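Below: upload32.pdb (PDB, C-alpha atoms, pLDDT in the B column)
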ATOM      1  CA  MET Y  10       0.000   0.000   0.000  1.00 79.00           C
ATOM      2  CA  ILE Y  11       1.327   3.462  -0.806  1.00 87.00           C
ATOM      3  CA  ARG Y  12       1.781   5.978   2.016  1.00 91.00           C
ATOM      4  CA  GLU Y  13      -1.196   8.197   1.176  1.00 91.00           C
ATOM      5  CA  GLU Y  14      -3.449   5.143   1.055  1.00 94.00           C
ATOM      6  CA  ILE Y  15      -2.377   4.051   4.532  1.00 97.00           C
ATOM      7  CA  ILE Y  16      -3.445   7.397   5.966  1.00 97.00           C
ATOM      8  CA  LYS Y  17      -6.866   7.011   4.320  1.00 96.00           C
ATOM      9  CA  GLU Y  18      -7.195   3.571   5.927  1.00 96.00           C
ATOM     10  CA  LEU Y  19      -6.735   4.943   9.465  1.00 97.00           C
ATOM     11  CA  PRO Y  20      -9.725   4.483  11.756  1.00 96.00           C
ATOM     12  CA  TYR Y  21      -9.419   8.030  13.193  1.00 97.00           C
ATOM     13  CA  ASP Y  22     -11.083  11.303  12.319  1.00 96.00           C
ATOM     14  CA  LYS Y  23     -11.187  14.934  13.485  1.00 94.00           C
ATOM     15  CA  PRO Y  24     -10.721  16.005  16.207  1.00 97.00           C
ATOM     16  CA  PHE Y  25      -8.667  12.935  17.081  1.00 98.00           C
ATOM     17  CA  MET Y  26      -6.527  12.332  14.016  1.00 98.00           C
ATOM     18  CA  PHE Y  27      -2.871  13.205  14.523  1.00 98.00           C
ATOM     19  CA  VAL Y  28      -1.193  12.122  11.281  1.00 98.00           C
ATOM     20  CA  ASP Y  29      -0.448  14.417   8.307  1.00 98.00           C
ATOM     21  CA  GLU Y  30       2.094  12.466   6.274  1.00 97.00           C
ATOM     22  CA  ILE Y  31       4.335   9.428   6.188  1.00 98.00           C
ATOM     23  CA  LEU Y  32       7.901  10.393   5.274  1.00 97.00           C
ATOM     24  CA  GLU Y  33       9.666   7.023   5.390  1.00 97.00           C
ATOM     25  CA  LEU Y  34       8.363   3.463   5.561  1.00 97.00           C
ATOM     26  CA  ASP Y  35       9.798  -0.041   5.361  1.00 97.00           C
ATOM     27  CA  ASP Y  36       9.361  -3.290   7.289  1.00 97.00           C
ATOM     28  CA  ASP Y  37      11.611  -2.128  10.147  1.00 98.00           C
ATOM     29  CA  HIS Y  38      10.632   1.485  10.685  1.00 98.00           C
ATOM     30  CA  ILE Y  39       8.286   4.342   9.917  1.00 98.00           C
ATOM     31  CA  LYS Y  40       8.753   8.112  10.030  1.00 98.00           C
ATOM     32  CA  GLY Y  41       5.813  10.483   9.927  1.00 98.00           C
ATOM     33  CA  ALA Y  42       4.797  14.047  10.735  1.00 98.00           C
ATOM     34  CA  TYR Y  43       1.957  16.013  12.255  1.00 98.00           C
ATOM     35  CA  THR Y  44       1.438  19.730  12.831  1.00 98.00           C
ATOM     36  CA  PHE Y  45      -0.655  20.565  15.874  1.00 98.00           C
ATOM     37  CA  LYS Y  46      -3.255  23.107  14.790  1.00 98.00           C
ATOM     38  CA  LYS Y  47      -3.472  26.299  16.802  1.00 97.00           C
ATOM     39  CA  ASP Y  48      -7.115  25.584  17.563  1.00 97.00           C
ATOM     40  CA  GLU Y  49      -6.945  21.905  18.632  1.00 97.00           C
ATOM     41  CA  TYR Y  50      -9.813  21.343  21.077  1.00 97.00           C
ATOM     42  CA  PHE Y  51      -7.655  20.427  24.076  1.00 98.00           C
ATOM     43  CA  TYR Y  52      -5.731  23.719  24.187  1.00 98.00           C
ATOM     44  CA  GLU Y  53      -8.801  25.354  25.642  1.00 95.00           C
ATOM     45  CA  GLY Y  54      -8.344  23.537  28.964  1.00 96.00           C
ATOM     46  CA  HIS Y  55      -4.714  22.367  28.927  1.00 97.00           C
ATOM     47  CA  PHE Y  56      -3.681  24.576  30.544  1.00 97.00           C
ATOM     48  CA  LYS Y  57      -5.810  27.542  31.602  1.00 96.00           C
ATOM     49  CA  ASP Y  58      -4.448  30.515  29.597  1.00 95.00           C
ATOM     50  CA  ASN Y  59      -1.319  28.499  28.779  1.00 97.00           C
ATOM     51  CA  PRO Y  60      -1.862  26.099  25.860  1.00 98.00           C
ATOM     52  CA  VAL Y  61       0.537  23.109  25.829  1.00 98.00           C
ATOM     53  CA  THR Y  62      -0.081  19.794  24.052  1.00 98.00           C
ATOM     54  CA  PRO Y  63      -1.001  17.124  26.639  1.00 98.00           C
ATOM     55  CA  GLY Y  64       1.361  14.170  27.027  1.00 98.00           C
ATOM     56  CA  VAL Y  65      -1.476  11.740  26.333  1.00 98.00           C
ATOM     57  CA  ILE Y  66      -2.054  13.470  22.992  1.00 98.00           C
ATOM     58  CA  LEU Y  67       1.669  13.273  22.130  1.00 98.00           C
ATOM     59  CA  THR Y  68       1.537   9.575  23.002  1.00 98.00           C
ATOM     60  CA  GLU Y  69      -1.579   9.206  20.830  1.00 98.00           C
ATOM     61  CA  CYS Y  70       0.158  10.941  17.929  1.00 98.00           C
ATOM     62  CA  MET Y  71       3.148   8.606  18.343  1.00 98.00           C
ATOM     63  CA  ALA Y  72       0.798   5.609  18.416  1.00 98.00           C
ATOM     64  CA  GLN Y  73      -1.212   6.714  15.367  1.00 98.00           C
ATOM     65  CA  ILE Y  74       1.957   7.140  13.274  1.00 98.00           C
ATOM     66  CA  GLY Y  75       4.270   4.613  14.924  1.00 98.00           C
ATOM     67  CA  MET Y  76       1.781   1.832  15.569  1.00 98.00           C
ATOM     68  CA  ALA Y  77      -1.404   2.226  13.487  1.00 98.00           C
ATOM     69  CA  CYS Y  78       0.148   3.418  10.189  1.00 98.00           C
ATOM     70  CA  PHE Y  79       3.094   1.049  10.636  1.00 98.00           C
ATOM     71  CA  GLY Y  80       0.818  -1.833  11.610  1.00 98.00           C
ATOM     72  CA  ILE Y  81      -1.396  -1.378   8.545  1.00 97.00           C
ATOM     73  CA  HIS Y  82       1.747  -1.576   6.415  1.00 97.00           C
ATOM     74  CA  LEU Y  83       3.021  -4.677   8.239  1.00 97.00           C
ATOM     75  CA  LEU Y  84      -0.360  -6.416   8.072  1.00 96.00           C
ATOM     76  CA  GLY Y  85      -0.402  -5.882   4.309  1.00 95.00           C
ATOM     77  CA  ASP Y  86      -3.125  -8.004   2.717  1.00 94.00           C
ATOM     78  CA  ASN Y  87      -4.372  -9.051   6.158  1.00 94.00           C
ATOM     79  CA  TRP Y  88      -5.487  -5.489   6.890  1.00 95.00           C
ATOM     80  CA  SER Y  89      -9.127  -4.608   6.295  1.00 94.00           C
ATOM     81  CA  LYS Y  90     -10.638  -1.343   7.486  1.00 93.00           C
ATOM     82  CA  ASP Y  91     -14.061  -2.931   7.855  1.00 94.00           C
ATOM     83  CA  GLU Y  92     -13.005  -6.117   9.634  1.00 96.00           C
ATOM     84  CA  ILE Y  93      -9.904  -5.302  11.676  1.00 96.00           C
ATOM     85  CA  ALA Y  94      -9.634  -3.039  14.710  1.00 96.00           C
ATOM     86  CA  VAL Y  95      -6.526  -1.833  16.510  1.00 96.00           C
ATOM     87  CA  ALA Y  96      -5.864  -1.081  20.176  1.00 96.00           C
ATOM     88  CA  MET Y  97      -2.957   0.232  22.189  1.00 97.00           C
ATOM     89  CA  THR Y  98      -2.142  -2.300  24.903  1.00 96.00           C
ATOM     90  CA  SER Y  99       0.708  -0.605  26.742  1.00 96.00           C
ATOM     91  CA  ASN Y 100       3.044   2.337  26.673  1.00 97.00           C
ATOM     92  CA  GLU Y 101       5.948   3.625  28.682  1.00 98.00           C
ATOM     93  CA  MET Y 102       6.880   7.164  27.768  1.00 98.00           C
ATOM     94  CA  ASN Y 103       9.304   9.852  28.877  1.00 98.00           C
ATOM     95  CA  PHE Y 104       8.793  13.497  27.929  1.00 98.00           C
ATOM     96  CA  TYR Y 105      11.594  16.009  27.442  1.00 98.00           C
ATOM     97  CA  LYS Y 106      10.233  19.100  25.653  1.00 98.00           C
ATOM     98  CA  PRO Y 107       6.818  20.771  25.441  1.00 98.00           C
ATOM     99  CA  VAL Y 108       4.876  21.041  22.170  1.00 98.00           C
ATOM    100  CA  PHE Y 109       3.055  24.333  21.641  1.00 98.00           C
ATOM    101  CA  PRO Y 110       0.104  25.170  19.356  1.00 98.00           C
ATOM    102  CA  GLY Y 111       1.158  25.309  15.697  1.00 98.00           C
ATOM    103  CA  GLU Y 112       4.256  23.157  16.191  1.00 98.00           C
ATOM    104  CA  LYS Y 113       5.226  20.410  13.751  1.00 98.00           C
ATOM    105  CA  VAL Y 114       6.536  17.123  15.143  1.00 98.00           C
ATOM    106  CA  ILE Y 115       8.309  14.156  13.566  1.00 98.00           C
ATOM    107  CA  VAL Y 116       7.634  10.647  14.856  1.00 98.00           C
ATOM    108  CA  VAL Y 117      10.063   7.762  14.290  1.00 98.00           C
ATOM    109  CA  SER Y 118       9.055   4.230  15.229  1.00 98.00           C
ATOM    110  CA  GLU Y 119      11.321   1.183  15.077  1.00 98.00           C
ATOM    111  CA  LYS Y 120       9.963  -2.321  15.265  1.00 98.00           C
ATOM    112  CA  VAL Y 121      10.975  -4.422  18.275  1.00 98.00           C
ATOM    113  CA  TYR Y 122       8.760  -7.282  17.157  1.00 97.00           C
ATOM    114  CA  PHE Y 123       5.593  -8.011  15.208  1.00 97.00           C
ATOM    115  CA  ARG Y 124       4.276 -11.416  16.252  1.00 96.00           C
ATOM    116  CA  PHE Y 125       0.815 -12.947  16.662  1.00 95.00           C
ATOM    117  CA  GLN Y 126      -0.918  -9.663  15.689  1.00 94.00           C
ATOM    118  CA  LYS Y 127       0.991  -7.726  18.344  1.00 97.00           C
ATOM    119  CA  LEU Y 128       3.337  -4.889  17.410  1.00 98.00           C
ATOM    120  CA  LYS Y 129       5.895  -3.533  19.870  1.00 98.00           C
ATOM    121  CA  CYS Y 130       7.995  -0.518  18.902  1.00 98.00           C
ATOM    122  CA  ASN Y 131      10.573   1.928  20.210  1.00 98.00           C
ATOM    123  CA  VAL Y 132       9.016   5.278  19.363  1.00 98.00           C
ATOM    124  CA  ALA Y 133      10.488   8.782  19.516  1.00 98.00           C
ATOM    125  CA  MET Y 134       9.098  12.229  18.733  1.00 98.00           C
ATOM    126  CA  TYR Y 135      11.312  15.122  17.583  1.00 98.00           C
ATOM    127  CA  ASN Y 136      10.796  18.818  16.975  1.00 98.00           C
ATOM    128  CA  LEU Y 137      12.088  20.585  13.854  1.00 97.00           C
ATOM    129  CA  ASP Y 138      15.356  21.390  15.673  1.00 97.00           C
ATOM    130  CA  ASN Y 139      15.825  17.610  15.937  1.00 97.00           C
ATOM    131  CA  GLN Y 140      15.464  17.713  19.721  1.00 98.00           C
ATOM    132  CA  VAL Y 141      13.786  14.768  21.416  1.00 98.00           C
ATOM    133  CA  ILE Y 142      10.295  15.657  22.651  1.00 98.00           C
ATOM    134  CA  ALA Y 143       9.313  12.191  23.869  1.00 98.00           C
ATOM    135  CA  LYS Y 144      10.716   8.702  23.762  1.00 98.00           C
ATOM    136  CA  GLY Y 145       9.397   5.332  24.836  1.00 98.00           C
ATOM    137  CA  VAL Y 146       7.963   1.942  24.049  1.00 98.00           C
ATOM    138  CA  ILE Y 147       4.442   1.331  22.727  1.00 98.00           C
ATOM    139  CA  SER Y 148       2.635  -1.951  22.108  1.00 98.00           C
ATOM    140  CA  GLY Y 149      -0.616  -2.595  20.316  1.00 97.00           C
ATOM    141  CA  VAL Y 150      -2.703  -5.362  18.839  1.00 97.00           C
ATOM    142  CA  SER Y 151      -4.970  -5.844  15.861  1.00 96.00           C
ATOM    143  CA  PHE Y 152      -7.987  -8.120  16.023  1.00 94.00           C
ATOM    144  CA  LYS Y 153     -11.173  -9.016  14.206  1.00 93.00           C
ATOM    145  CA  LYS Y 154     -13.906  -6.544  15.131  1.00 91.00           C
ATOM    146  CA  ASP Y 155     -16.475  -9.278  15.724  1.00 84.00           C
ATOM    147  CA  SER Y 156     -14.184 -11.101  18.193  1.00 77.00           C
ATOM    148  CA  VAL Y 157     -14.730  -8.630  21.041  1.00 68.00           C
TER     149      VAL Y 157
ATOM    150  CA  MET S   6      30.715 -35.166  20.892  1.00 45.00           C
ATOM    151  CA  GLY S   7      28.442 -32.161  21.190  1.00 49.00           C
ATOM    152  CA  SER S   8      26.492 -31.140  24.242  1.00 53.00           C
ATOM    153  CA  LEU S   9      23.036 -32.376  24.990  1.00 54.00           C
ATOM    154  CA  PRO S  10      20.150 -29.958  24.491  1.00 57.00           C
ATOM    155  CA  LYS S  11      19.578 -28.104  27.734  1.00 58.00           C
ATOM    156  CA  TYR S  12      15.932 -28.977  28.357  1.00 55.00           C
ATOM    157  CA  ASN S  13      15.293 -32.309  26.710  1.00 60.00           C
ATOM    158  CA  PHE S  14      15.374 -34.198  29.991  1.00 68.00           C
ATOM    159  CA  MET S  15      13.241 -31.880  31.991  1.00 80.00           C
ATOM    160  CA  THR S  16      10.522 -33.287  34.192  1.00 85.00           C
ATOM    161  CA  LYS S  17       6.992 -31.943  34.022  1.00 85.00           C
ATOM    162  CA  GLU S  18       7.493 -30.311  37.435  1.00 88.00           C
ATOM    163  CA  GLU S  19      10.622 -28.492  36.278  1.00 90.00           C
ATOM    164  CA  LEU S  20       8.835 -27.363  33.158  1.00 91.00           C
ATOM    165  CA  LEU S  21       5.866 -26.131  35.169  1.00 92.00           C
ATOM    166  CA  ALA S  22       8.188 -24.189  37.490  1.00 93.00           C
ATOM    167  CA  LYS S  23       9.848 -22.512  34.488  1.00 94.00           C
ATOM    168  CA  LEU S  24       6.462 -21.662  33.006  1.00 95.00           C
ATOM    169  CA  LYS S  25       5.242 -20.205  36.299  1.00 96.00           C
ATOM    170  CA  THR S  26       8.287 -17.919  36.460  1.00 96.00           C
ATOM    171  CA  ILE S  27       7.601 -16.744  32.906  1.00 97.00           C
ATOM    172  CA  ILE S  28       3.908 -15.948  33.408  1.00 97.00           C
ATOM    173  CA  THR S  29       4.216 -14.334  36.855  1.00 97.00           C
ATOM    174  CA  PRO S  30       4.943 -10.740  35.672  1.00 97.00           C
ATOM    175  CA  TYR S  31       1.860 -10.770  33.418  1.00 97.00           C
ATOM    176  CA  VAL S  32      -0.681 -12.220  35.869  1.00 97.00           C
ATOM    177  CA  GLN S  33      -3.490  -9.992  37.179  1.00 96.00           C
ATOM    178  CA  ASN S  34      -5.163 -12.590  39.418  1.00 95.00           C
ATOM    179  CA  GLN S  35      -2.658 -13.510  42.146  1.00 95.00           C
ATOM    180  CA  GLU S  36      -4.989 -16.080  43.716  1.00 95.00           C
ATOM    181  CA  GLY S  37      -5.110 -17.903  40.409  1.00 95.00           C
ATOM    182  CA  LEU S  38      -1.314 -17.892  40.324  1.00 95.00           C
ATOM    183  CA  GLU S  39      -1.032 -19.284  43.853  1.00 94.00           C
ATOM    184  CA  ALA S  40      -3.502 -22.027  42.967  1.00 94.00           C
ATOM    185  CA  LEU S  41      -1.783 -22.748  39.636  1.00 94.00           C
ATOM    186  CA  HIS S  42      -2.596 -26.215  38.310  1.00 92.00           C
ATOM    187  CA  GLU S  43      -2.682 -28.054  34.977  1.00 93.00           C
ATOM    188  CA  ASP S  44      -6.113 -26.786  34.000  1.00 96.00           C
ATOM    189  CA  THR S  45      -5.414 -23.139  34.852  1.00 96.00           C
ATOM    190  CA  ASP S  46      -6.564 -20.985  31.921  1.00 97.00           C
ATOM    191  CA  PHE S  47      -4.226 -18.049  31.243  1.00 97.00           C
ATOM    192  CA  ILE S  48      -6.974 -15.613  30.281  1.00 96.00           C
ATOM    193  CA  LYS S  49      -9.904 -16.804  32.406  1.00 96.00           C
ATOM    194  CA  ASP S  50      -8.097 -17.798  35.617  1.00 97.00           C
ATOM    195  CA  LEU S  51      -5.004 -15.616  35.588  1.00 97.00           C
ATOM    196  CA  GLU S  52      -6.521 -12.625  33.751  1.00 97.00           C
ATOM    197  CA  ILE S  53      -3.519 -12.233  31.474  1.00 96.00           C
ATOM    198  CA  ASN S  54      -4.571 -10.026  28.541  1.00 93.00           C
ATOM    199  CA  SER S  55      -4.112 -11.166  24.962  1.00 91.00           C
ATOM    200  CA  ALA S  56      -1.248  -8.717  24.353  1.00 95.00           C
ATOM    201  CA  ASN S  57       0.689 -10.068  27.324  1.00 96.00           C
ATOM    202  CA  LEU S  58      -0.076 -13.609  26.239  1.00 95.00           C
ATOM    203  CA  VAL S  59       2.107 -12.831  23.216  1.00 96.00           C
ATOM    204  CA  ASP S  60       4.894 -11.824  25.621  1.00 96.00           C
ATOM    205  CA  VAL S  61       4.440 -15.106  27.497  1.00 97.00           C
ATOM    206  CA  VAL S  62       4.857 -17.006  24.223  1.00 96.00           C
ATOM    207  CA  LEU S  63       7.924 -14.974  23.222  1.00 96.00           C
ATOM    208  CA  ASP S  64       9.469 -15.544  26.663  1.00 96.00           C
ATOM    209  CA  VAL S  65       8.742 -19.272  26.321  1.00 96.00           C
ATOM    210  CA  GLU S  66      10.548 -19.228  22.955  1.00 96.00           C
ATOM    211  CA  ASP S  67      13.614 -17.590  24.512  1.00 96.00           C
ATOM    212  CA  GLU S  68      13.648 -19.730  27.640  1.00 95.00           C
ATOM    213  CA  PHE S  69      13.370 -23.067  25.846  1.00 94.00           C
ATOM    214  CA  ASP S  70      15.029 -22.037  22.572  1.00 94.00           C
ATOM    215  CA  ILE S  71      12.056 -23.181  20.509  1.00 95.00           C
ATOM    216  CA  GLU S  72       9.904 -21.534  17.857  1.00 95.00           C
ATOM    217  CA  ILE S  73       6.175 -21.279  18.361  1.00 96.00           C
ATOM    218  CA  ASP S  74       4.051 -20.812  15.251  1.00 95.00           C
ATOM    219  CA  ASN S  75       0.499 -19.446  15.015  1.00 93.00           C
ATOM    220  CA  GLU S  76      -1.028 -22.902  15.204  1.00 94.00           C
ATOM    221  CA  ALA S  77       0.870 -23.788  18.397  1.00 95.00           C
ATOM    222  CA  MET S  78       0.145 -20.373  19.915  1.00 95.00           C
ATOM    223  CA  GLU S  79      -3.598 -20.900  19.479  1.00 93.00           C
ATOM    224  CA  LYS S  80      -3.361 -24.151  21.446  1.00 94.00           C
ATOM    225  CA  MET S  81      -1.662 -22.516  24.437  1.00 96.00           C
ATOM    226  CA  ILE S  82      -4.817 -21.749  26.417  1.00 95.00           C
ATOM    227  CA  THR S  83      -4.128 -23.613  29.660  1.00 96.00           C
ATOM    228  CA  VAL S  84      -1.015 -24.662  31.567  1.00 96.00           C
ATOM    229  CA  LYS S  85      -1.481 -28.253  30.410  1.00 95.00           C
ATOM    230  CA  ASP S  86      -1.851 -27.245  26.738  1.00 96.00           C
ATOM    231  CA  SER S  87       1.238 -25.056  26.965  1.00 96.00           C
ATOM    232  CA  ILE S  88       3.362 -27.775  28.526  1.00 95.00           C
ATOM    233  CA  ALA S  89       2.231 -30.153  25.773  1.00 95.00           C
ATOM    234  CA  VAL S  90       3.260 -27.612  23.111  1.00 95.00           C
ATOM    235  CA  ILE S  91       6.635 -26.974  24.770  1.00 95.00           C
ATOM    236  CA  GLU S  92       7.320 -30.715  25.155  1.00 93.00           C
ATOM    237  CA  SER S  93       6.440 -31.428  21.546  1.00 93.00           C
ATOM    238  CA  LYS S  94       8.638 -28.563  20.288  1.00 93.00           C
ATOM    239  CA  LEU S  95      11.525 -29.708  22.505  1.00 91.00           C
ATOM    240  CA  ALA S  96      11.134 -33.260  21.279  1.00 89.00           C
ATOM    241  CA  SER S  97      11.323 -32.206  17.620  1.00 88.00           C
ATOM    242  CA  LYS S  98      14.468 -30.117  18.097  1.00 81.00           C
TER     243      LYS S  98
END
Same coordinates, now as C-alpha cells:
Amino acid sequence: MIREEIIKELPYDKPFMFVDEILELDDDHIKGAYTFKKDEYFYEGHFKDNPVTPGVILTECMAQIGMACFGIHLLGDNWSKDEIAVAMTSNEMNFYKPVFPGEKVIVVSEKVYFRFQKLKCNVAMYNLDNQVIAKGVISGVSFKKDSV
Amino acid sequence: MGSLPKYNFMTKEELLAKLKTIITPYVQNQEGLEALHEDTDFIKDLEINSANLVDVVLDVEDEFDIEIDNEAMEKMITVKDSIAVIESKLASK
C-alpha cells in the first residue's frame, strides 16, 4: 500500500486524528509528521491561559503514526478497514520538551517485534530542531472486530 | 561429541516451574497464580490479557530455545496445553 493510502485507511477522524504524512516506511521502521493546529480542542483547557499539548495526545500521535500506520503496512493483505480493529495495549513514555500550538513534530518508530498480531515498537518524537520531545515503548494489537 | 540440548530431559514439574516464572509478571489474578494447576486458563483464571499472552509465548521461545508458530500459539490456552506444546517442540528439536 502506498503511504497516502495508509493514511486514508486509518480508523481516526477529526478532532482525534494526529497524522499528516508518512515520510519514510519499510518493514523495520516508519517516520511520519503532524502539525498541531493552533485551535486543537484540548488547548482550551490544557492549561488555563497556557496552551501546551497534553502528554497523552503526544503519546496518541506517536501511536497513530508509529503503531497504526506502521501496523497497517506490516499487516499488508491481512489489513481490512471494515473487519480489523486496533488497540494500544501498553506504553511507557518519557517526555523532554513541550509542544506548543502550531508546532510540527516528527515521529520515528522502530519495530521491536511483530508477532501474533501484536506490534511492539521503540518510538520517539522530535521537533524541527531535531530535539527529542518524547521517547518510549508502545505496544498494540490488531484483532477481528467481531471477536470482542 | 556435542552437548546435549539443555531442556530435553526436563521433568513436568521443572517445566511447570519454568512456566510459572515466565507468566508471573503478566498475571493480574494472584490467587489464580497461587492455585496454579494443569487446568489453569491463562486468560480466564489468571486474567492475562491477549497482548501479554504474546509476551508469554515470546518468553517461552527464549527460555526453551524453541519456535512457536500461530497454530501452536492458538493451542496454548491452559497450563497443560502449553506444557504439551513446549514438550512437543523440545522433542522435535
Practice prompt. Considering all atoms listed in the file, return as an MDAnalysis selection string whatever protein or nucleic-acid residues lie within 7 Å of stretch 141-156 of chain Y, sequence-local ones (same chain, fewer than 5 positions apart) excluded.
Written response: (chainID Y and resid 76 92:107 126:136) or (chainID S and resid 56)
Practice prompt. Scan for residues within 12 Å of the point (2.0, 25.2, 16.0) in the coordinates of the file, using all atoms listed in the file, and reply as number ranges by chain.
Written response: Y: 43-49, 52, 60-62, 107-114, 136-137
Fill in: Selection near stretch 29-42 of chain Y, 8 Å with only C-alpha atoms, sequence-local residues under 3 positions removed, as a PyMOL selection string
chain Y and resi 12-13+16+74-75+79+82-83+113-120
Give me, as JSON lines, each residue of chain S that comes within 9 Å of chain Y, together with its shortest interatomic pair and the distance in Å at one decimal, counting all atoms listed in the file, with rows ordered by chain and rising residue number.
{"residue": "S:Asn54", "atom": "CA", "partner": "Y:Thr98", "partner_atom": "CA", "distance": 8.9}
{"residue": "S:Ser55", "atom": "CA", "partner": "Y:Val150", "partner_atom": "CA", "distance": 8.6}
{"residue": "S:Ala56", "atom": "CA", "partner": "Y:Lys127", "partner_atom": "CA", "distance": 6.5}
{"residue": "S:Asn57", "atom": "CA", "partner": "Y:Thr98", "partner_atom": "CA", "distance": 8.6}
{"residue": "S:Val59", "atom": "CA", "partner": "Y:Phe125", "partner_atom": "CA", "distance": 6.7}
{"residue": "S:Leu63", "atom": "CA", "partner": "Y:Arg124", "partner_atom": "CA", "distance": 8.6}
{"residue": "S:Asp74", "atom": "CA", "partner": "Y:Phe125", "partner_atom": "CA", "distance": 8.6}
{"residue": "S:Asn75", "atom": "CA", "partner": "Y:Phe125", "partner_atom": "CA", "distance": 6.7}
{"residue": "S:Met78", "atom": "CA", "partner": "Y:Phe125", "partner_atom": "CA", "distance": 8.1}
Worksheet item: In terms of the shortest atom-to-atom distance over only C-alpha atoms, which of S:Lys98, S:Lys25, S:Lys49, S:His42 is closest to S:Lys85?
Response: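 The answer is S:His42, which sits nearest to S:Lys85.
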Worksheet item: For this file, the PyMOL selection byres ((chain S and resi 30) around 12) selects which residues, as number ranges by chain?
Response: S: 24-29, 31-35, 38, 51-54, 57-58, 60-61, 64
Store the residues picked out above, limited to C-alpha atoms, as a compact mmCIF listing (two decimals), in the coordinates of the input.
# COMPACT_ATOMS: atom_id res chain seq x y z
CA LEU S 24 6.46 -21.66 33.01
CA LYS S 25 5.24 -20.20 36.30
CA THR S 26 8.29 -17.92 36.46
CA ILE S 27 7.60 -16.74 32.91
CA ILE S 28 3.91 -15.95 33.41
CA THR S 29 4.22 -14.33 36.85
CA TYR S 31 1.86 -10.77 33.42
CA VAL S 32 -0.68 -12.22 35.87
CA GLN S 33 -3.49 -9.99 37.18
CA ASN S 34 -5.16 -12.59 39.42
CA GLN S 35 -2.66 -13.51 42.15
CA LEU S 38 -1.31 -17.89 40.32
CA LEU S 51 -5.00 -15.62 35.59
CA GLU S 52 -6.52 -12.62 33.75
CA ILE S 53 -3.52 -12.23 31.47
CA ASN S 54 -4.57 -10.03 28.54
CA ASN S 57 0.69 -10.07 27.32
CA LEU S 58 -0.08 -13.61 26.24
CA ASP S 60 4.89 -11.82 25.62
CA VAL S 61 4.44 -15.11 27.50
CA ASP S 64 9.47 -15.54 26.66
Discussion item. Given only C-alpha atoms as the basis, pick out the residue of S:Ile48, S:Val65, S:Ala40, S:Leu21 nearest to S:Ile88.
Written reply: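 Result for the nearest residue to S:Ile88: S:Leu21.
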Scan for residues within 9 Å of the point (-9.7, 3.7, 13.0) in the coordinates of the file, using all atoms listed in the file, and reply as a compact mmCIF listing (two decimals) with C-alpha atoms, in the frame of the given file.
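File produced: selection06.txt:
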# COMPACT_ATOMS: atom_id res chain seq x y z
CA GLU Y 18 -7.20 3.57 5.93
CA LEU Y 19 -6.74 4.94 9.46
CA PRO Y 20 -9.72 4.48 11.76
CA TYR Y 21 -9.42 8.03 13.19
CA ASP Y 22 -11.08 11.30 12.32
CA ALA Y 77 -1.40 2.23 13.49
CA LYS Y 90 -10.64 -1.34 7.49
CA ALA Y 94 -9.63 -3.04 14.71
CA VAL Y 95 -6.53 -1.83 16.51
Test item: residues at most 12 Å from S:Met15, all atoms listed in the file, excluding those fewer than 3 positions along its chain, as a PDB file with C-alpha atoms, in the coordinates of the input:
ATOM      1  CA  PRO S  10      20.150 -29.958  24.491  1.00 57.00           C
ATOM      2  CA  LYS S  11      19.578 -28.104  27.734  1.00 58.00           C
ATOM      3  CA  TYR S  12      15.932 -28.977  28.357  1.00 55.00           C
ATOM      4  CA  GLU S  18       7.493 -30.311  37.435  1.00 88.00           C
ATOM      5  CA  GLU S  19      10.622 -28.492  36.278  1.00 90.00           C
ATOM      6  CA  LEU S  20       8.835 -27.363  33.158  1.00 91.00           C
ATOM      7  CA  LEU S  21       5.866 -26.131  35.169  1.00 92.00           C
ATOM      8  CA  ALA S  22       8.188 -24.189  37.490  1.00 93.00           C
ATOM      9  CA  LYS S  23       9.848 -22.512  34.488  1.00 94.00           C
ATOM     10  CA  PHE S  69      13.370 -23.067  25.846  1.00 94.00           C
ATOM     11  CA  ILE S  88       3.362 -27.775  28.526  1.00 95.00           C
ATOM     12  CA  ILE S  91       6.635 -26.974  24.770  1.00 95.00           C
ATOM     13  CA  GLU S  92       7.320 -30.715  25.155  1.00 93.00           C
ATOM     14  CA  LEU S  95      11.525 -29.708  22.505  1.00 91.00           C
ATOM     15  CA  ALA S  96      11.134 -33.260  21.279  1.00 89.00           C
TER      16      ALA S  96
END
Discussion item. Could you tell me how far atom CA of Y:Trp88 sits from atom CA of S:Thr83, in Å to one decimal place?
Written reply: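 Atom-to-atom, atom CA of S:Thr83 and atom CA of Y:Trp88 are spaced 29.1 Å apart.
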Discussion item. For S:Ala89, find every residue with an atom within 10 Å (counting only C-alpha atoms), except residues of its own chain fewer than 5 positions away, and show them as a PyMOL selection string.
Written reply: chain S and resi 17+77+80-81+83-84+94-95
Fill in: Between atom CA of Y:Asp138 and atom CA of Y:Ile66 - distance in Å to one decimal
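It comes out at 20.5 Å.
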Worksheet entry | Pairwise distance for atom CA of Y:Ile11 and atom CA of Y:Gly80, rounded to one decimal in Å |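 For atom CA of Y:Ile11 relative to atom CA of Y:Gly80, the distance reads 13.5 Å.
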